[in-house]
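Right, one structure below, let's go through it.
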Amino acid sequence: MAVRTRYAPSPTGYLHVGGAWMAFFTWLFTRHDGGQFVLRIEDTDRSRSTEAFEAAILEDLRWLGVAWDEGPDVVGPFGPYRQTERAELYREHAAILVDRGAAYPCYCLPEELETERQRAAAEHRPYRYSGRCRELTPAAHAEMQAAGRHASLRFRVPVTRGTLVVDDLVLGRVEFAAADLDDFIIQRSDGTPLYNFANVVDDHSMRITHITRGAEHLSNTPRQFLMYEAFGWEQPRVAHFPSLLGVDRKKLSKRHGDTAVREYKAQGYLPEALVNFFALMGWYPEDGREIFSVEEMIARFRIEDVGKSGAVFDAQKLTWMNGVYLHQALRQTPERVADLVIEALRGAGLLDGDAGPAQRAYVARVVAIMGDRLRLPKDVLTYGDFFFRDEVVYDPTAVRKQFRGQVTADMLLRLRAALAAVAPFEIGGIEQAVRDTAVALGVESKDVIHPVRVALTGKTVGPGLFELIEVLGRERVLARLEHAARLALETVPQ
RNA sequence: GGCCCCAUCGUCUAGAGGCCUAGGACGCGGCCCUCUCAAGGCUGAAACGGGGAUUCGAAUUCCCCUGGGGCCA
């Protein structure tokens, strides 16, 4: 039988890395087995679900390359794929359970349940629902309804069922005692289904064969299995993936900040880097290789190899990996890197409006000489902001380190004269001019190069000097040297 | 509080009784390369939570404890 899986996000926020990770693993597993992957929107929490979030989640999944075969925007045989459009189905199935005696109306008020709970706590017993509505007589039902009480529906746990075994694809065999469970609510008094119940109905009616979800749902599994039994349905296989943790080792959530996938996208992270990084959390290929294409991941991924323990999301390693992919993109599709850099420059206010062809070509040249220094597009600000500023921002430390008053000023002006004569203004002649100047002054090349770098860029780090001079162009180079010569005179020789 | 899951360097992990003097990667330190930085190469520091048991032999099996996490409340 073909594998059918699903990812079922709630559109109550943007897709976060934990959810994306789960979706990706599910997708990898499905593709490895040549199965079908369904996207289902769990929007029963109407107060917090929005269409905008739903659209954003779809967009972010697509950006990551996680594609679904059926979903809210794809016509499929088991739709609709939004829970709010399936309300009738839940009511019908709840009714089936009531008819079979597997569920019953419960009229207990929240206050009454709270009293039960407190008594249990006072007597140091574990709290379990008392079951007082379990065996109500028809007369009692009528009385409750006459009193204006609306019933919720509770699932009748067969306490004599004994041991419930969950044979998990990741965790292995886990046992629960039916006697530890109490009758749980499957439908609220307003007629809306609870998560656990809607999930079972949906997974079965959508023919899901393998349920993948976060480990936090493991405890729900025995309850769900009981419902499958009550319906007489075949149970799907389950796989609980470990939780994604924040640096505090708590389950990753919005309070950890920077957890939305689109936040990473906005910062210029590449989807292939994100996805490769995801793969390495909880799963490693046999040979310990770390960089591989999606195709390789699909081929190698085995759900049995997924680890059991929660993983901390290490943003530093992700950034390193982004550098690996950025450098790869630099060789294969440099214009893509240029686009990302343009975004970063725009974000920093160093570029405005739409970049014209000339500007794009200029950025491409900058990227060509310094792209291998970038891990993130915004690193362009660290190494090459001077390419995009009219006024060089001088790092005081760099100036203090490299400028020596009159001596430096003379050297800068001498090089200026030499560069003014270089034709064409290309790297070969430029390098010659710099080295000749050093010889003429009786110093080593680097004694010229370092101060000149500060003069032209304001900093001690950056791309090769000869390259950057060429890209900067004669006019700006001459102007900056002249300006820097004056600045040098103001610095006290150390 | 009850139930469940987890446990190797700071982090992601390899390790399914002897191959472990516990390997790799990120990060951190050093060296090389070099006009700087980055990249690259070499290299260093860095872990089996504790206690029992099984075994000739345990990171690897079992039990207890501890710690962390989750679900229900």
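Identifiers for the structure tokens are assigned positionally: chains receive A, B, ... in sequence, residues are indexed from 1 per chain, and ligands are indexed from 1 in the order shown.
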
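Within 10 Å of chain A, and counting only C-alpha atoms (C1' of nucleotides), chain B contributes G1, G2, C3, C4, C5, C6, A7, U11, C12, U13, A14, G23, G24, A25, C26, G27, C35, U36, C37, A38, A39, G68, G69, G70, C71, C72 and A73 of chain B.
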
Pull the helix (DSSP H, G or I) assignments for range 216-286 of chain A out of DSSP run on the backbone, and list those residues as a PyMOL selection string. chain A and resi 216-231+254-256+261-266+271-279

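Here CA of Val3 in chain A and CA of Val275 in chain A stand 22.0 Å from one another.
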
**OP:** Mind checking which residues fall within 9 Å of range 111-114 of chain A, counting only C-alpha atoms (C1' of nucleotides), ignoring those fewer than 5 positions away in the same chain, and posting them as a ChimeraX atom specification?
**Re:** /A:119,129-130

Check: At what distance in Å, to one decimal, does CA of Asp436 in chain A lie from CA of His483 in chain A?
Finding: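 Separation of CA of His483 in chain A and CA of Asp436 in chain A: 21.9 Å.
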
Can you pull out the residues contacting range 17-20 of chain B? Cut-off 7 Å, using only C-alpha atoms (C1' of nucleotides), and skip same-chain residues under 3 positions away; I want them as JSON, numbers by chain.
{"B": [57, 58, 60]}

Output of the above residues as a short mmCIF file (atom, residue, chain, number, x, y, z; two decimals), in the first residue's frame, restricted to N, CA and C atoms (P, O5', C5', C4', C3', O3' and C1' of nucleotides):
data_model
loop_
_atom_site.label_atom_id
_atom_site.label_comp_id
_atom_site.auth_asym_id
_atom_site.auth_seq_id
_atom_site.Cartn_x
_atom_site.Cartn_y
_atom_site.Cartn_z
P G B 57 34.40 -9.17 33.50
"O5'" G B 57 34.64 -8.25 32.24
"C5'" G B 57 35.80 -7.40 32.19
"C4'" G B 57 35.90 -6.74 30.85
"C3'" G B 57 34.71 -5.88 30.45
"O3'" G B 57 34.83 -4.58 30.99
"C1'" G B 57 35.31 -7.29 28.65
P A B 58 33.53 -3.81 31.45
"O5'" A B 58 32.82 -3.46 30.05
"C5'" A B 58 33.40 -2.55 29.11
"C4'" A B 58 32.32 -1.60 28.62
"C3'" A B 58 31.76 -0.77 29.77
"O3'" A B 58 32.32 0.53 29.89
"C1'" A B 58 30.00 -1.94 28.58
P U B 60 26.87 1.62 28.72
"O5'" U B 60 26.44 1.34 27.22
"C5'" U B 60 25.14 1.61 26.68
"C4'" U B 60 25.19 1.15 25.26
"C3'" U B 60 24.75 -0.31 25.03
"O3'" U B 60 23.57 -0.33 24.23
"C1'" U B 60 26.86 0.20 23.95
#

task = Using backbone DSSP assignments, extract all strand (DSSP E) residues from range 55-248 of chain A; output them as number ranges by chain.
result = A: 103-106, 152-155, 163-168, 172-177, 185-187, 210-214, 237-241, 244-245

Keeping only N, CA and C atoms, write the selected residues as an mmCIF file, in the first residue's frame.
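Saved file again_19.cif follows:
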data_model
loop_
_atom_site.group_PDB
_atom_site.id
_atom_site.type_symbol
_atom_site.label_atom_id
_atom_site.label_comp_id
_atom_site.auth_asym_id
_atom_site.auth_seq_id
_atom_site.Cartn_x
_atom_site.Cartn_y
_atom_site.Cartn_z
ATOM 1 N N ALA A 103 -19.434 6.715 23.259
ATOM 2 C CA ALA A 103 -19.346 8.091 23.755
ATOM 3 C C ALA A 103 -20.699 8.436 24.363
ATOM 4 N N TYR A 104 -20.693 9.409 25.248
ATOM 5 C CA TYR A 104 -21.949 9.760 25.917
ATOM 6 C C TYR A 104 -21.974 11.251 26.229
ATOM 7 N N PRO A 105 -23.171 11.806 26.361
ATOM 8 C CA PRO A 105 -23.275 13.221 26.684
ATOM 9 C C PRO A 105 -22.879 13.456 28.137
ATOM 10 N N CYS A 106 -22.163 14.528 28.357
ATOM 11 C CA CYS A 106 -21.748 14.874 29.717
ATOM 12 C C CYS A 106 -22.213 16.296 29.992
ATOM 13 N N SER A 152 -21.530 18.196 26.491
ATOM 14 C CA SER A 152 -20.365 17.909 25.667
ATOM 15 C C SER A 152 -20.388 16.393 25.477
ATOM 16 N N LEU A 153 -19.510 15.890 24.620
ATOM 17 C CA LEU A 153 -19.488 14.449 24.404
ATOM 18 C C LEU A 153 -18.183 13.876 24.936
ATOM 19 N N ARG A 154 -18.332 12.820 25.719
ATOM 20 C CA ARG A 154 -17.131 12.171 26.255
ATOM 21 C C ARG A 154 -16.945 10.789 25.662
ATOM 22 N N PHE A 155 -15.725 10.441 25.443
ATOM 23 C CA PHE A 155 -15.409 9.098 24.966
ATOM 24 C C PHE A 155 -15.332 8.179 26.185
ATOM 25 N N THR A 163 -3.586 -3.208 28.488
ATOM 26 C CA THR A 163 -2.425 -2.456 28.014
ATOM 27 C C THR A 163 -2.602 -1.998 26.568
ATOM 28 N N LEU A 164 -2.282 -0.748 26.349
ATOM 29 C CA LEU A 164 -2.360 -0.195 25.001
ATOM 30 C C LEU A 164 -0.926 -0.052 24.491
ATOM 31 N N VAL A 165 -0.648 -0.719 23.403
ATOM 32 C CA VAL A 165 0.714 -0.706 22.884
ATOM 33 C C VAL A 165 0.825 0.213 21.670
ATOM 34 N N VAL A 166 1.767 1.114 21.752
ATOM 35 C CA VAL A 166 2.051 1.977 20.611
ATOM 36 C C VAL A 166 3.380 1.511 20.034
ATOM 37 N N ASP A 167 3.347 1.072 18.793
ATOM 38 C CA ASP A 167 4.587 0.623 18.160
ATOM 39 C C ASP A 167 5.078 1.749 17.258
ATOM 40 N N ASP A 168 5.885 2.616 17.846
ATOM 41 C CA ASP A 168 6.284 3.840 17.164
ATOM 42 C C ASP A 168 7.500 3.629 16.267
ATOM 43 N N GLY A 172 9.954 3.223 19.095
ATOM 44 C CA GLY A 172 9.851 1.801 19.398
ATOM 45 C C GLY A 172 8.560 1.519 20.166
ATOM 46 N N ARG A 173 8.570 0.466 20.952
ATOM 47 C CA ARG A 173 7.354 0.049 21.641
ATOM 48 C C ARG A 173 7.149 0.866 22.923
ATOM 49 N N VAL A 174 5.976 1.466 23.041
ATOM 50 C CA VAL A 174 5.631 2.225 24.243
ATOM 51 C C VAL A 174 4.294 1.713 24.747
ATOM 52 N N GLU A 175 4.217 1.485 26.062
ATOM 53 C CA GLU A 175 2.977 0.939 26.619
ATOM 54 C C GLU A 175 2.254 1.937 27.520
ATOM 55 N N PHE A 176 0.951 1.899 27.440
ATOM 56 C CA PHE A 176 0.130 2.715 28.329
ATOM 57 C C PHE A 176 -0.938 1.811 28.931
ATOM 58 N N ALA A 177 -1.376 2.135 30.145
ATOM 59 C CA ALA A 177 -2.442 1.364 30.777
ATOM 60 C C ALA A 177 -3.763 2.078 30.550
ATOM 61 N N ILE A 185 -13.106 14.312 26.582
ATOM 62 C CA ILE A 185 -14.107 15.008 25.763
ATOM 63 C C ILE A 185 -13.691 14.967 24.292
ATOM 64 N N ILE A 186 -14.638 14.647 23.424
ATOM 65 C CA ILE A 186 -14.355 14.657 21.995
ATOM 66 C C ILE A 186 -15.086 15.786 21.278
ATOM 67 N N GLN A 187 -16.131 16.296 21.928
ATOM 68 C CA GLN A 187 -16.869 17.400 21.313
ATOM 69 C C GLN A 187 -17.335 18.360 22.413
ATOM 70 N N HIS A 210 0.584 6.788 7.583
ATOM 71 C CA HIS A 210 1.641 7.024 8.551
ATOM 72 C C HIS A 210 1.461 8.405 9.168
ATOM 73 N N ILE A 211 1.229 8.411 10.465
ATOM 74 C CA ILE A 211 1.064 9.679 11.168
ATOM 75 C C ILE A 211 2.415 10.113 11.713
ATOM 76 N N THR A 212 2.866 11.291 11.303
ATOM 77 C CA THR A 212 4.094 11.834 11.857
ATOM 78 C C THR A 212 3.708 13.084 12.624
ATOM 79 N N ARG A 213 4.340 13.283 13.746
ATOM 80 C CA ARG A 213 4.009 14.442 14.574
ATOM 81 C C ARG A 213 5.085 14.605 15.623
ATOM 82 N N GLY A 214 4.979 15.678 16.396
ATOM 83 C CA GLY A 214 5.959 15.942 17.428
ATOM 84 C C GLY A 214 5.776 15.016 18.616
ATOM 85 N N ARG A 237 0.246 3.628 11.109
ATOM 86 C CA ARG A 237 1.529 3.611 11.820
ATOM 87 C C ARG A 237 1.786 5.019 12.339
ATOM 88 N N VAL A 238 2.524 5.110 13.428
ATOM 89 C CA VAL A 238 2.828 6.438 13.957
ATOM 90 C C VAL A 238 4.340 6.614 14.116
ATOM 91 N N ALA A 239 4.767 7.837 13.963
ATOM 92 C CA ALA A 239 6.175 8.176 14.173
ATOM 93 C C ALA A 239 6.208 9.509 14.902
ATOM 94 N N HIS A 240 6.783 9.501 16.087
ATOM 95 C CA HIS A 240 6.891 10.754 16.845
ATOM 96 C C HIS A 240 8.313 11.287 16.752
ATOM 97 N N PHE A 241 8.427 12.426 16.125
ATOM 98 C CA PHE A 241 9.743 13.049 15.994
ATOM 99 C C PHE A 241 10.085 13.814 17.263
ATOM 100 N N LEU A 244 11.956 20.097 18.843
ATOM 101 C CA LEU A 244 13.000 21.076 18.544
ATOM 102 C C LEU A 244 13.082 21.986 19.752
ATOM 103 N N LEU A 245 14.282 22.148 20.272
ATOM 104 C CA LEU A 245 14.463 22.910 21.495
ATOM 105 C C LEU A 245 15.139 24.251 21.259
#

Excluding Arg31 in chain A and residues on its chain fewer than 4 positions from it, collect all residues at most 10 Å away from it, counting only C-alpha atoms (C1' of nucleotides), and give them as a PDB file with N, CA, C and O atoms, in the first residue's frame.
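Once everything was written out, this is selection-v1.pdb:
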ATOM      1  N   VAL A   3       2.342   4.826   0.721  1.00  0.00           N
ATOM      2  CA  VAL A   3       2.416   5.658   1.911  1.00  0.00           C
ATOM      3  C   VAL A   3       1.656   6.958   1.692  1.00  0.00           C
ATOM      4  O   VAL A   3       1.800   7.598   0.643  1.00  0.00           O
ATOM      5  N   PHE A  25      10.710  16.585   7.367  1.00  0.00           N
ATOM      6  CA  PHE A  25      10.982  15.171   7.648  1.00  0.00           C
ATOM      7  C   PHE A  25       9.867  14.284   7.105  1.00  0.00           C
ATOM      8  O   PHE A  25      10.116  13.226   6.539  1.00  0.00           O
ATOM      9  N   THR A  26       8.640  14.731   7.307  1.00  0.00           N
ATOM     10  CA  THR A  26       7.493  13.966   6.823  1.00  0.00           C
ATOM     11  C   THR A  26       7.560  13.863   5.303  1.00  0.00           C
ATOM     12  O   THR A  26       7.350  12.802   4.719  1.00  0.00           O
ATOM     13  N   TRP A  27       7.899  14.970   4.695  1.00  0.00           N
ATOM     14  CA  TRP A  27       7.987  15.039   3.236  1.00  0.00           C
ATOM     15  C   TRP A  27       9.114  14.143   2.715  1.00  0.00           C
ATOM     16  O   TRP A  27       8.952  13.400   1.741  1.00  0.00           O
ATOM     17  N   GLY A  35       5.437   8.008  -1.823  1.00  0.00           N
ATOM     18  CA  GLY A  35       4.046   8.143  -1.408  1.00  0.00           C
ATOM     19  C   GLY A  35       3.460   9.513  -1.673  1.00  0.00           C
ATOM     20  O   GLY A  35       4.025  10.307  -2.421  1.00  0.00           O
ATOM     21  N   GLN A  36       2.315   9.755  -1.053  1.00  0.00           N
ATOM     22  CA  GLN A  36       1.638  11.033  -1.251  1.00  0.00           C
ATOM     23  C   GLN A  36       1.618  11.830   0.040  1.00  0.00           C
ATOM     24  O   GLN A  36       1.424  11.276   1.122  1.00  0.00           O
ATOM     25  N   PHE A  37       1.793  13.124  -0.110  1.00  0.00           N
ATOM     26  CA  PHE A  37       1.908  14.023   1.029  1.00  0.00           C
ATOM     27  C   PHE A  37       0.750  15.019   0.990  1.00  0.00           C
ATOM     28  O   PHE A  37       0.545  15.702  -0.006  1.00  0.00           O
ATOM     29  N   GLU A 295      17.875  15.681  -3.365  1.00  0.00           N
ATOM     30  CA  GLU A 295      17.736  14.361  -3.972  1.00  0.00           C
ATOM     31  C   GLU A 295      18.488  13.310  -3.153  1.00  0.00           C
ATOM     32  O   GLU A 295      17.999  12.206  -2.931  1.00  0.00           O
ATOM     33  N   MET A 297      19.227  13.523   0.001  1.00  0.00           N
ATOM     34  CA  MET A 297      18.538  13.338   1.280  1.00  0.00           C
ATOM     35  C   MET A 297      17.368  12.385   1.115  1.00  0.00           C
ATOM     36  O   MET A 297      17.147  11.493   1.936  1.00  0.00           O
ATOM     37  N   ILE A 298      16.602  12.579   0.054  1.00  0.00           N
ATOM     38  CA  ILE A 298      15.444  11.707  -0.184  1.00  0.00           C
ATOM     39  C   ILE A 298      15.915  10.263  -0.333  1.00  0.00           C
ATOM     40  O   ILE A 298      15.340   9.340   0.232  1.00  0.00           O
ATOM     41  N   ALA A 299      16.995  10.084  -1.054  1.00  0.00           N
ATOM     42  CA  ALA A 299      17.485   8.733  -1.295  1.00  0.00           C
ATOM     43  C   ALA A 299      17.980   8.068  -0.009  1.00  0.00           C
ATOM     44  O   ALA A 299      17.790   6.881   0.203  1.00  0.00           O
ATOM     45  N   PHE A 301      17.335   9.080   3.315  1.00  0.00           N
ATOM     46  CA  PHE A 301      16.550   9.222   4.545  1.00  0.00           C
ATOM     47  C   PHE A 301      15.818   7.939   4.929  1.00  0.00           C
ATOM     48  O   PHE A 301      15.135   7.336   4.121  1.00  0.00           O
TER      49      PHE A 301
END

task = Could you give me, as number ranges by chain, the residues within 6 Å of Pro11 in chain A, counting only C-alpha atoms (C1' of nucleotides) and dropping anything in the same chain fewer than 3 positions from it?
result = A: 49, 53-54

Output file for the selection above: N, CA and C atoms, as a PDB file, in the first residue's frame:
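This went into again.pdb:
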ATOM      1  N   SER A  49      -7.177  31.703  14.007  1.00  0.00           N
ATOM      2  CA  SER A  49      -6.785  31.334  12.649  1.00  0.00           C
ATOM      3  C   SER A  49      -7.136  32.446  11.661  1.00  0.00           C
ATOM      4  N   PHE A  53      -2.468  33.949   7.499  1.00  0.00           N
ATOM      5  CA  PHE A  53      -1.469  33.016   8.022  1.00  0.00           C
ATOM      6  C   PHE A  53      -1.443  31.738   7.185  1.00  0.00           C
ATOM      7  N   GLU A  54      -2.627  31.288   6.783  1.00  0.00           N
ATOM      8  CA  GLU A  54      -2.683  30.084   5.958  1.00  0.00           C
ATOM      9  C   GLU A  54      -1.890  30.298   4.665  1.00  0.00           C
TER      10      GLU A  54
END

Give me, as a ChimeraX atom specification, all polymer residues having an atom no more than 12 Å from Arg336 in chain A, counting only C-alpha atoms (C1' of nucleotides) and skipping those fewer than 3 positions away in the same chain. /A:268,270,325-333,339-343,360,363-364,367-368,371,377

Output file for the residues above (N, CA and C atoms, as a PDB file, in the first residue's frame):
ATOM      1  N   GLY A 268      18.020  36.488   4.157  1.00  0.00           N
ATOM      2  CA  GLY A 268      18.828  36.025   3.035  1.00  0.00           C
ATOM      3  C   GLY A 268      19.358  34.613   3.184  1.00  0.00           C
ATOM      4  N   LEU A 270      19.360  30.780   2.442  1.00  0.00           N
ATOM      5  CA  LEU A 270      18.909  30.040   1.269  1.00  0.00           C
ATOM      6  C   LEU A 270      18.092  28.838   1.716  1.00  0.00           C
ATOM      7  N   TYR A 325      26.436  27.093   1.102  1.00  0.00           N
ATOM      8  CA  TYR A 325      25.520  27.136  -0.042  1.00  0.00           C
ATOM      9  C   TYR A 325      25.622  28.443  -0.821  1.00  0.00           C
ATOM     10  N   LEU A 326      25.933  29.512  -0.096  1.00  0.00           N
ATOM     11  CA  LEU A 326      26.073  30.799  -0.771  1.00  0.00           C
ATOM     12  C   LEU A 326      27.294  30.754  -1.699  1.00  0.00           C
ATOM     13  N   HIS A 327      28.371  30.148  -1.231  1.00  0.00           N
ATOM     14  CA  HIS A 327      29.576  30.061  -2.051  1.00  0.00           C
ATOM     15  C   HIS A 327      29.335  29.172  -3.271  1.00  0.00           C
ATOM     16  N   GLN A 328      28.521  28.152  -3.052  1.00  0.00           N
ATOM     17  CA  GLN A 328      28.162  27.257  -4.155  1.00  0.00           C
ATOM     18  C   GLN A 328      27.325  28.031  -5.182  1.00  0.00           C
ATOM     19  N   ALA A 329      26.379  28.797  -4.688  1.00  0.00           N
ATOM     20  CA  ALA A 329      25.517  29.587  -5.574  1.00  0.00           C
ATOM     21  C   ALA A 329      26.350  30.612  -6.338  1.00  0.00           C
ATOM     22  N   LEU A 330      27.401  31.089  -5.696  1.00  0.00           N
ATOM     23  CA  LEU A 330      28.281  32.077  -6.297  1.00  0.00           C
ATOM     24  C   LEU A 330      28.904  31.537  -7.583  1.00  0.00           C
ATOM     25  N   ARG A 331      29.225  30.265  -7.563  1.00  0.00           N
ATOM     26  CA  ARG A 331      29.829  29.652  -8.739  1.00  0.00           C
ATOM     27  C   ARG A 331      28.780  29.279  -9.780  1.00  0.00           C
ATOM     28  N   GLN A 332      27.604  28.876  -9.307  1.00  0.00           N
ATOM     29  CA  GLN A 332      26.592  28.390 -10.246  1.00  0.00           C
ATOM     30  C   GLN A 332      25.648  29.471 -10.758  1.00  0.00           C
ATOM     31  N   THR A 333      25.165  30.301  -9.816  1.00  0.00           N
ATOM     32  CA  THR A 333      24.204  31.337 -10.209  1.00  0.00           C
ATOM     33  C   THR A 333      24.530  32.643  -9.497  1.00  0.00           C
ATOM     34  N   ASP A 339      21.290  39.325  -6.275  1.00  0.00           N
ATOM     35  CA  ASP A 339      19.947  39.751  -5.889  1.00  0.00           C
ATOM     36  C   ASP A 339      19.795  39.811  -4.378  1.00  0.00           C
ATOM     37  N   LEU A 340      20.322  38.796  -3.705  1.00  0.00           N
ATOM     38  CA  LEU A 340      20.221  38.759  -2.242  1.00  0.00           C
ATOM     39  C   LEU A 340      21.009  39.906  -1.623  1.00  0.00           C
ATOM     40  N   VAL A 341      22.175  40.185  -2.226  1.00  0.00           N
ATOM     41  CA  VAL A 341      23.006  41.271  -1.715  1.00  0.00           C
ATOM     42  C   VAL A 341      22.300  42.615  -1.929  1.00  0.00           C
ATOM     43  N   ILE A 342      21.657  42.746  -3.062  1.00  0.00           N
ATOM     44  CA  ILE A 342      20.907  43.979  -3.334  1.00  0.00           C
ATOM     45  C   ILE A 342      19.830  44.178  -2.263  1.00  0.00           C
ATOM     46  N   GLU A 343      19.160  43.096  -1.913  1.00  0.00           N
ATOM     47  CA  GLU A 343      18.152  43.168  -0.854  1.00  0.00           C
ATOM     48  C   GLU A 343      18.761  43.655   0.452  1.00  0.00           C
ATOM     49  N   ARG A 360      22.887  46.862 -11.073  1.00  0.00           N
ATOM     50  CA  ARG A 360      22.974  45.413 -10.889  1.00  0.00           C
ATOM     51  C   ARG A 360      24.336  44.893 -11.344  1.00  0.00           C
ATOM     52  N   VAL A 363      26.856  45.739  -8.634  1.00  0.00           N
ATOM     53  CA  VAL A 363      26.752  44.822  -7.496  1.00  0.00           C
ATOM     54  C   VAL A 363      27.354  43.471  -7.865  1.00  0.00           C
ATOM     55  N   ALA A 364      27.108  43.049  -9.100  1.00  0.00           N
ATOM     56  CA  ALA A 364      27.639  41.761  -9.545  1.00  0.00           C
ATOM     57  C   ALA A 364      29.173  41.772  -9.496  1.00  0.00           C
ATOM     58  N   VAL A 367      30.184  41.545  -5.851  1.00  0.00           N
ATOM     59  CA  VAL A 367      29.974  40.177  -5.371  1.00  0.00           C
ATOM     60  C   VAL A 367      31.057  39.244  -5.908  1.00  0.00           C
ATOM     61  N   ALA A 368      31.463  39.486  -7.135  1.00  0.00           N
ATOM     62  CA  ALA A 368      32.472  38.626  -7.747  1.00  0.00           C
ATOM     63  C   ALA A 368      33.803  38.687  -6.990  1.00  0.00           C
ATOM     64  N   GLY A 371      32.386  37.798  -2.781  1.00  0.00           N
ATOM     65  CA  GLY A 371      31.315  36.864  -2.432  1.00  0.00           C
ATOM     66  C   GLY A 371      31.751  35.735  -1.516  1.00  0.00           C
ATOM     67  N   PRO A 377      23.968  37.481   3.194  1.00  0.00           N
ATOM     68  CA  PRO A 377      24.040  38.650   2.317  1.00  0.00           C
ATOM     69  C   PRO A 377      24.411  39.922   3.066  1.00  0.00           C
TER      70      PRO A 377
END

re CA of Ala338 in chain A and CA of Leu61 in chain A: distance 23.8 Å
